[in-house]
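**Q** Can you keep this structure in mind? I'll have questions shortly.
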Amino acid sequence: MQADTAPLTTFETLRPRLFGIAYRMLGVRADAEDVVQEAWLRWRGADHDGLQSAEAWLVTVATRLAIDRLRAAKAEREAYVGWWLPEPLVEVEERTPETAAELASDLSVAFLHMLERLAPEERAAFLLRQVFDYDYVEIARILDKSEAAVRQSVHRATERVRAERPRFRVPAEAHLRLLEKFVRAAQTGDRAAIRALLDENAQAIGDGGGKVPSVLHGFQGAERVTNLYWAHALKYGDRLHYRIATINGEPGLLRYMDGRLESAQALVTDGSRIVSIFVVRNPDKLANIRV
């Protein structure tokens with residue numbers, strides 16, 4: 001007798017959404033994949049006959065699992081050496097299956113870095129409403145909260161995000177052109193050209209995780225960020241190589257040292273200048289980048 005494949009088909013259809021929720025909650029690919037796998041195990045053993053909505057059931061399970069895992073991770077991140085940045089999802093040639101369907105919504109490193117300021121349930125409520133467009137009744141059921149509590153949580157999170165989030169949307173083409181100029185300047189060590197591409201208040205934040213050298217408190221101001229890239233070009237010369245890639249759905253840079261991946265860099269721009277650079281150097285967070 002042939003096994004019923006409907007539950008598996010249903011799950012695979014919803015897998016990108018479950019991964020998208022879990023990754024935005026946790027910022028770590030392996031943790032997000034663990035949440036999806038646990039959701040599958042629970043789904044496989046569930047009674048499907050009485051369910052009104054497979055999506056509602058699976059999103060509820062994945063969200064609650066992600067909240068629990070994020071609560072546990074918070075203590076670890078408080079003890080983390082230096083800045084904690086999300087593990088980058090990198091594409092160079094083509095999209096991976098888990099990112100193909102869910103990269104349309106905000107996934108940027110800057111956005112996820114900012115979400116670290118939110119409490120786990122607040123983060124879940126905000127993402128479900130503002131990124132995945134669930135209504136308040138659905139979110140209340142998913143989080144087992146009252147609708148009024150969910151509205152308050154989403155409002156509070158939205159206000160915090162609005163206060164800290166860059167207020168500009170930049171077309172990918174403009175972002176890409178700016179990165180191409182920055183690559184040329186950084187590769188050649190053209191100090192004036194690097195400086196011209198940076199906003200006066202530009203910042204650079206690095207994540208080495210205590211495993212490789214990184215600036216613990218970041219660099220603030222165009223001059224300091226310029227000097228950082230200029231010094232790297234002077235010290236390492238042709239040993240450094242930059243490559244443009246898609247990082248969390250936006251144009252970004254991969255930097256190589258002696259042919260080995262050294263960092264993934266997400267750059268935020270207002271369309272004419274670079275305002276922030278997030279540099280992920282922790283080798284654990286680069287391990288899944290196959291380029």
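Convention: chains lettered A, B, ... in structure tokens order; per-chain residue numbering from 1; ligands numbered from 1 as shown.
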Name all residues at most 12 Å from range 145-148 of chain A (count only C-alpha atoms; drop same-chain ones fewer than 4 positions away) and give them as a PyMOL selection string.
**A** chain A and resi 121-122+125+135-141+152-155
**Q** What's around Leu65 in chain A at 10 Å? Count only C-alpha atoms, leave out sequence neighbours fewer than 2 positions away in its own chain, and write the answer as a VMD selection string.
**A** chain A and resid 22 32 34 to 36 38 to 39 59 to 63 67 to 70
**Q** Kindly save the residues from that selection, with N, CA, C and O atoms included, as a compact mmCIF listing (two decimals), in the first residue's frame.
**A**
# COMPACT_ATOMS: atom_id res chain seq x y z
N ALA A 22 11.56 31.39 11.00
CA ALA A 22 12.55 30.95 11.97
C ALA A 22 13.87 31.70 11.81
O ALA A 22 14.50 32.09 12.81
N ALA A 32 17.51 27.90 12.56
CA ALA A 32 16.26 27.96 11.80
C ALA A 32 15.93 26.61 11.19
O ALA A 32 14.77 26.16 11.20
N ASP A 34 16.84 23.73 12.38
CA ASP A 34 16.43 22.86 13.48
C ASP A 34 14.95 23.07 13.83
O ASP A 34 14.22 22.11 14.11
N VAL A 35 14.52 24.33 13.83
CA VAL A 35 13.12 24.64 14.10
C VAL A 35 12.23 24.00 13.03
O VAL A 35 11.20 23.39 13.35
N VAL A 36 12.62 24.13 11.78
CA VAL A 36 11.83 23.54 10.68
C VAL A 36 11.78 22.02 10.81
O VAL A 36 10.73 21.40 10.61
N GLU A 38 12.10 20.22 13.58
CA GLU A 38 11.25 19.86 14.71
C GLU A 38 9.77 20.05 14.36
O GLU A 38 8.92 19.24 14.76
N ALA A 39 9.47 21.10 13.60
CA ALA A 39 8.09 21.30 13.15
C ALA A 39 7.63 20.13 12.27
O ALA A 39 6.48 19.67 12.38
N VAL A 59 2.73 27.19 11.20
CA VAL A 59 3.29 28.49 11.56
C VAL A 59 3.26 28.68 13.07
O VAL A 59 4.21 29.22 13.67
N THR A 60 2.19 28.22 13.72
CA THR A 60 2.11 28.31 15.18
C THR A 60 3.23 27.51 15.83
O THR A 60 3.93 28.01 16.72
N VAL A 61 3.41 26.28 15.39
CA VAL A 61 4.45 25.42 15.96
C VAL A 61 5.84 26.02 15.73
O VAL A 61 6.65 26.13 16.66
N ALA A 62 6.13 26.44 14.49
CA ALA A 62 7.45 26.98 14.18
C ALA A 62 7.72 28.27 14.96
O ALA A 62 8.84 28.49 15.45
N THR A 63 6.72 29.12 15.06
CA THR A 63 6.90 30.39 15.78
C THR A 63 7.18 30.15 17.25
O THR A 63 8.10 30.76 17.84
N ILE A 67 10.54 31.08 19.33
CA ILE A 67 10.53 31.92 20.54
C ILE A 67 11.29 31.24 21.67
O ILE A 67 12.14 31.87 22.33
N ASP A 68 11.04 29.96 21.88
CA ASP A 68 11.73 29.22 22.94
C ASP A 68 13.24 29.20 22.70
O ASP A 68 14.04 29.39 23.62
N ARG A 69 13.61 28.95 21.44
CA ARG A 69 15.05 28.89 21.13
C ARG A 69 15.70 30.26 21.27
O ARG A 69 16.84 30.37 21.72
N LEU A 70 14.99 31.33 20.90
CA LEU A 70 15.54 32.67 21.02
C LEU A 70 15.71 33.05 22.49
O LEU A 70 16.70 33.70 22.85
**Q** Give me, as a Markdown table, the closest atom pair and its distance (Å, one decimal) for every residue of range 79-196 of chain A within a cut-off of 8 Å of range 248-266 of chain A, counting only C-alpha atoms, rows sorted by chain and rising number.
**A**
| residue | atom | partner | partner_atom | distance |
| --- | --- | --- | --- | --- |
| A:Pro88 | CA | A:Asn248 | CA | 6.2 |
| A:Leu89 | CA | A:Asn248 | CA | 5.1 |
| A:Val90 | CA | A:Asn248 | CA | 6.4 |
| A:Leu103 | CA | A:Gly249 | CA | 5.7 |
| A:Ala104 | CA | A:Gly249 | CA | 7.5 |
| A:Asp106 | CA | A:Gly249 | CA | 7.8 |
| A:Leu107 | CA | A:Asn248 | CA | 5.5 |
| A:Ser108 | CA | A:Asn248 | CA | 5.1 |
| A:Val109 | CA | A:Asn248 | CA | 6.5 |
| A:Ala110 | CA | A:Ala266 | CA | 7.8 |
| A:Ala172 | CA | A:Pro251 | CA | 7.0 |
| A:His175 | CA | A:Pro251 | CA | 6.6 |
| A:Leu176 | CA | A:Pro251 | CA | 5.9 |
| A:Leu179 | CA | A:Gly252 | CA | 7.3 |
**Q** Restricted to all heavy atoms, what would the selected residues look like written as an mmCIF file, in the first residue's frame?
**A**
data_model
loop_
_atom_site.group_PDB
_atom_site.id
_atom_site.type_symbol
_atom_site.label_atom_id
_atom_site.label_comp_id
_atom_site.auth_asym_id
_atom_site.auth_seq_id
_atom_site.Cartn_x
_atom_site.Cartn_y
_atom_site.Cartn_z
ATOM 1 N N PRO A 88 24.975 35.448 7.719
ATOM 2 C CA PRO A 88 24.480 35.905 6.412
ATOM 3 C C PRO A 88 24.029 34.766 5.515
ATOM 4 O O PRO A 88 24.634 33.693 5.491
ATOM 5 C CB PRO A 88 25.704 36.620 5.812
ATOM 6 C CG PRO A 88 26.876 35.988 6.484
ATOM 7 C CD PRO A 88 26.427 35.612 7.865
ATOM 8 N N LEU A 89 22.934 35.023 4.790
ATOM 9 C CA LEU A 89 22.497 34.131 3.722
ATOM 10 C C LEU A 89 23.029 34.726 2.428
ATOM 11 O O LEU A 89 22.641 35.823 2.033
ATOM 12 C CB LEU A 89 20.972 34.037 3.674
ATOM 13 C CG LEU A 89 20.265 33.465 4.904
ATOM 14 C CD1 LEU A 89 18.758 33.439 4.657
ATOM 15 C CD2 LEU A 89 20.779 32.076 5.246
ATOM 16 N N VAL A 90 23.911 33.995 1.772
ATOM 17 C CA VAL A 90 24.651 34.545 0.633
ATOM 18 C C VAL A 90 24.301 33.803 -0.645
ATOM 19 O O VAL A 90 24.249 32.573 -0.674
ATOM 20 C CB VAL A 90 26.171 34.480 0.885
ATOM 21 C CG1 VAL A 90 26.949 34.929 -0.345
ATOM 22 C CG2 VAL A 90 26.546 35.334 2.089
ATOM 23 N N LEU A 103 12.643 35.787 0.064
ATOM 24 C CA LEU A 103 13.560 36.921 0.086
ATOM 25 C C LEU A 103 12.905 38.231 -0.315
ATOM 26 O O LEU A 103 13.515 39.279 -0.211
ATOM 27 C CB LEU A 103 14.759 36.657 -0.842
ATOM 28 C CG LEU A 103 15.895 35.857 -0.205
ATOM 29 C CD1 LEU A 103 16.995 35.629 -1.217
ATOM 30 C CD2 LEU A 103 16.454 36.563 1.013
ATOM 31 N N ALA A 104 11.654 38.173 -0.765
ATOM 32 C CA ALA A 104 10.992 39.403 -1.184
ATOM 33 C C ALA A 104 10.773 40.336 -0.009
ATOM 34 O O ALA A 104 10.821 41.549 -0.151
ATOM 35 C CB ALA A 104 9.662 39.073 -1.851
ATOM 36 N N ASP A 106 11.621 41.921 3.903
ATOM 37 C CA ASP A 106 12.846 42.439 4.486
ATOM 38 C C ASP A 106 13.611 41.360 5.236
ATOM 39 O O ASP A 106 13.112 40.726 6.149
ATOM 40 C CB ASP A 106 12.505 43.598 5.439
ATOM 41 C CG ASP A 106 13.688 44.530 5.598
ATOM 42 O OD1 ASP A 106 14.827 44.052 5.457
ATOM 43 O OD2 ASP A 106 13.474 45.721 5.844
ATOM 44 N N LEU A 107 14.865 41.177 4.850
ATOM 45 C CA LEU A 107 15.722 40.156 5.426
ATOM 46 C C LEU A 107 17.118 40.706 5.693
ATOM 47 O O LEU A 107 18.023 39.977 6.065
ATOM 48 C CB LEU A 107 15.816 38.977 4.444
ATOM 49 C CG LEU A 107 16.401 37.651 4.899
ATOM 50 C CD1 LEU A 107 15.478 36.987 5.925
ATOM 51 C CD2 LEU A 107 16.596 36.726 3.716
ATOM 52 N N SER A 108 17.310 41.995 5.514
ATOM 53 C CA SER A 108 18.650 42.578 5.539
ATOM 54 C C SER A 108 19.339 42.373 6.876
ATOM 55 O O SER A 108 18.704 42.245 7.928
ATOM 56 C CB SER A 108 18.586 44.074 5.217
ATOM 57 O OG SER A 108 18.012 44.796 6.291
ATOM 58 N N VAL A 109 20.670 42.342 6.843
ATOM 59 C CA VAL A 109 21.462 42.209 8.061
ATOM 60 C C VAL A 109 21.181 43.377 9.002
ATOM 61 O O VAL A 109 21.048 43.191 10.215
ATOM 62 C CB VAL A 109 22.964 42.136 7.713
ATOM 63 C CG1 VAL A 109 23.820 42.217 8.974
ATOM 64 C CG2 VAL A 109 23.272 40.846 6.944
ATOM 65 N N ALA A 110 21.064 44.583 8.453
ATOM 66 C CA ALA A 110 20.779 45.749 9.286
ATOM 67 C C ALA A 110 19.434 45.597 9.997
ATOM 68 O O ALA A 110 19.301 45.924 11.188
ATOM 69 C CB ALA A 110 20.783 47.017 8.430
ATOM 70 N N ALA A 172 17.814 48.384 -6.103
ATOM 71 C CA ALA A 172 18.962 47.472 -6.121
ATOM 72 C C ALA A 172 20.028 47.921 -7.115
ATOM 73 O O ALA A 172 21.232 47.769 -6.865
ATOM 74 C CB ALA A 172 18.491 46.055 -6.461
ATOM 75 N N HIS A 175 22.098 50.645 -5.527
ATOM 76 C CA HIS A 175 22.902 50.022 -4.482
ATOM 77 C C HIS A 175 24.103 49.312 -5.110
ATOM 78 O O HIS A 175 25.249 49.440 -4.640
ATOM 79 C CB HIS A 175 22.018 49.031 -3.724
ATOM 80 C CG HIS A 175 22.571 48.603 -2.401
ATOM 81 N ND1 HIS A 175 21.777 48.163 -1.378
ATOM 82 C CD2 HIS A 175 23.829 48.523 -1.926
ATOM 83 C CE1 HIS A 175 22.519 47.845 -0.335
ATOM 84 N NE2 HIS A 175 23.778 48.053 -0.653
ATOM 85 N N LEU A 176 23.841 48.584 -6.176
ATOM 86 C CA LEU A 176 24.888 47.823 -6.849
ATOM 87 C C LEU A 176 25.946 48.739 -7.448
ATOM 88 O O LEU A 176 27.151 48.479 -7.340
ATOM 89 C CB LEU A 176 24.262 46.944 -7.932
ATOM 90 C CG LEU A 176 25.194 45.994 -8.680
ATOM 91 C CD1 LEU A 176 25.864 45.028 -7.727
ATOM 92 C CD2 LEU A 176 24.403 45.223 -9.739
ATOM 93 N N LEU A 179 28.215 49.965 -4.760
ATOM 94 C CA LEU A 179 29.133 48.921 -4.313
ATOM 95 C C LEU A 179 30.269 48.700 -5.302
ATOM 96 O O LEU A 179 31.419 48.455 -4.902
ATOM 97 C CB LEU A 179 28.369 47.606 -4.097
ATOM 98 C CG LEU A 179 28.058 47.263 -2.641
ATOM 99 C CD1 LEU A 179 27.136 48.329 -2.046
ATOM 100 C CD2 LEU A 179 27.428 45.892 -2.526
#
**Q** With only C-alpha atoms as the atoms that count, which of A:Thr226, A:Thr246, A:Thr5, A:Asn288 lies nearest to Asp199 in chain A?
**A**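 The shortest atom-to-atom distance to Asp199 in chain A comes from A:Thr226.
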**Q** Enumerate the residues of range 163-251 of chain A with a DSSP assignment of strand (DSSP E), computed from the backbone, and present them as a PyMOL selection string.
**A** chain A and resi 198-207+219-220+240-247+250-251
**Q** Neighbouring residues of Ile21 in chain A were defined as those with any atom within 8 Å, considering only C-alpha atoms; residues of the same chain fewer than 3 positions away were excluded. Please report them as a list in words.
**A**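 The residues that qualify are Arg17, Leu18, Arg24, Met25, Ala62, Thr63, Leu127 and Leu128 of chain A.
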**Q** Which parts of range 142-281 of chain A does DSSP call alpha helix (DSSP H) when run on the backbone here, written out as a PyMOL selection string?
**A** chain A and resi 142-143+147-164+172-188+191-196+222-236
**Q** Do a neighbour search on Arg191 in chain A at 12 Å with only C-alpha atoms, toss out local chain neighbours closer than 4 positions, and write the hits as a compact mmCIF listing (two decimals) with N, CA, C and O atoms, in the first residue's frame.
**A**
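And here's result.txt as it stands now:
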# COMPACT_ATOMS: atom_id res chain seq x y z
N PHE A 182 32.75 51.27 -4.66
CA PHE A 182 33.44 51.03 -3.40
C PHE A 182 34.47 49.91 -3.54
O PHE A 182 35.58 50.00 -2.99
N ARG A 184 36.15 49.08 -6.23
CA ARG A 184 37.32 49.61 -6.94
C ARG A 184 38.19 50.45 -6.02
O ARG A 184 39.42 50.34 -6.02
N ALA A 185 37.56 51.27 -5.21
CA ALA A 185 38.33 52.14 -4.31
C ALA A 185 39.03 51.34 -3.22
O ALA A 185 40.21 51.57 -2.91
N ALA A 186 38.31 50.38 -2.62
CA ALA A 186 38.89 49.58 -1.54
C ALA A 186 39.98 48.65 -2.05
O ALA A 186 40.99 48.42 -1.38
N GLN A 187 39.78 48.11 -3.26
CA GLN A 187 40.76 47.19 -3.82
C GLN A 187 42.08 47.88 -4.13
O GLN A 187 43.16 47.34 -3.90
N ARG A 195 36.67 57.67 0.81
CA ARG A 195 36.07 58.71 1.64
C ARG A 195 34.88 59.35 0.96
O ARG A 195 33.85 59.65 1.61
N ALA A 196 34.94 59.54 -0.34
CA ALA A 196 33.86 60.20 -1.08
C ALA A 196 32.59 59.37 -1.12
O ALA A 196 31.49 59.91 -1.31
N LEU A 197 32.72 58.07 -0.91
CA LEU A 197 31.56 57.18 -0.98
C LEU A 197 30.89 56.98 0.37
O LEU A 197 29.85 56.32 0.45
N LEU A 198 31.46 57.54 1.43
CA LEU A 198 30.94 57.33 2.77
C LEU A 198 30.20 58.55 3.29
O LEU A 198 30.65 59.69 3.12
N ALA A 222 33.17 58.90 9.00
CA ALA A 222 33.71 58.58 7.68
C ALA A 222 35.22 58.45 7.69
O ALA A 222 35.78 57.57 7.00
N GLU A 223 35.92 59.29 8.44
CA GLU A 223 37.38 59.24 8.45
C GLU A 223 37.88 57.92 9.00
O GLU A 223 38.80 57.31 8.45
N ARG A 224 37.29 57.47 10.10
CA ARG A 224 37.75 56.23 10.72
C ARG A 224 37.45 55.02 9.83
O ARG A 224 38.28 54.11 9.71
N VAL A 225 36.27 55.01 9.21
CA VAL A 225 35.93 53.89 8.32
C VAL A 225 36.84 53.91 7.09
O VAL A 225 37.31 52.86 6.63
N THR A 226 37.08 55.11 6.56
CA THR A 226 37.99 55.23 5.41
C THR A 226 39.37 54.68 5.76
O THR A 226 39.96 53.90 4.99
N ASN A 227 39.89 55.07 6.90
CA ASN A 227 41.23 54.63 7.30
C ASN A 227 41.29 53.11 7.47
O ASN A 227 42.34 52.49 7.19
N LEU A 228 40.19 52.50 7.91
CA LEU A 228 40.16 51.05 8.08
C LEU A 228 40.38 50.35 6.74
O LEU A 228 41.24 49.47 6.61
N TYR A 229 39.62 50.74 5.71
CA TYR A 229 39.73 50.08 4.40
C TYR A 229 41.02 50.47 3.70
O TYR A 229 41.64 49.65 3.00
N TRP A 230 41.45 51.69 3.88
CA TRP A 230 42.72 52.16 3.28
C TRP A 230 43.89 51.38 3.87
O TRP A 230 44.78 50.92 3.15
N ALA A 231 43.87 51.20 5.20
CA ALA A 231 44.95 50.46 5.87
C ALA A 231 44.99 49.00 5.41
O ALA A 231 46.08 48.43 5.23
N HIS A 232 43.82 48.39 5.24
CA HIS A 232 43.78 47.02 4.76
C HIS A 232 44.41 46.91 3.37
O HIS A 232 45.16 45.97 3.08
N ALA A 233 44.09 47.86 2.50
CA ALA A 233 44.65 47.83 1.14
C ALA A 233 46.16 48.00 1.17
O ALA A 233 46.90 47.31 0.44
N LEU A 234 46.66 48.90 2.02
CA LEU A 234 48.10 49.13 2.11
C LEU A 234 48.82 47.90 2.67
O LEU A 234 49.89 47.53 2.19
**Q** Can you list, as a list of chain:residue names, every protein, DNA or RNA residue that comes within 7 Å of range 267-270 of chain A when you count only C-alpha atoms, leaving out same-chain residues fewer than 6 positions away?
**A** A:Phe168, A:Val170, A:His175, A:Gly252, A:Ser276, A:Ile277, A:Phe278
**Q** Could those residues be written to a file, using C-alpha atoms, as a PDB file, in the first residue's frame?
**A**
ATOM      1  CA  PHE A 168      15.259  55.454   2.716  1.00  0.00           C
ATOM      2  CA  VAL A 170      17.197  52.361  -2.490  1.00  0.00           C
ATOM      3  CA  HIS A 175      22.902  50.022  -4.482  1.00  0.00           C
ATOM      4  CA  GLY A 252      26.810  43.095  -0.522  1.00  0.00           C
ATOM      5  CA  SER A 276      26.625  51.510   7.561  1.00  0.00           C
ATOM      6  CA  ILE A 277      28.803  48.459   6.985  1.00  0.00           C
ATOM      7  CA  PHE A 278      28.156  45.208   8.852  1.00  0.00           C
TER       8      PHE A 278
END
**Q** May I ask which of the residues A:Gly82, A:Pro171, A:Pro7, A:Gly221 is the closest one to Leu41 in chain A, counting only C-alpha atoms?
**A**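 Comparing A:Gly82, A:Pro171, A:Pro7, A:Gly221 against Leu41 in chain A, the winner is A:Pro7.
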**Q** In Å, how far is it from CA of Pro283 in chain A to CA of Asp190 in chain A?
**A**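 Computed distance, CA of Pro283 in chain A to CA of Asp190 in chain A, equals 28.3 Å.
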**Q** Ranking A:Ala202, A:Ile194, A:Leu286, A:Leu216 by minimum distance to Lys181 in chain A and counting only C-alpha atoms, which one comes first?
**A**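 Between A:Ala202, A:Ile194, A:Leu286, A:Leu216, the residue approaching Lys181 in chain A most closely is A:Ile194.
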**Q** Would you please work out which residue, of A:Asp133, A:Ala56, A:Arg117, A:Glu200, is nearest to Arg273 in chain A when using only C-alpha atoms?
**A**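 Ranked by minimum distance to Arg273 in chain A, first place goes to A:Glu200.
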**Q** Which one of A:Ala30, A:Ala163, A:Ala73, A:Leu178 sits closest to Glu116 in chain A if you count only C-alpha atoms?
**A** A:Ala73
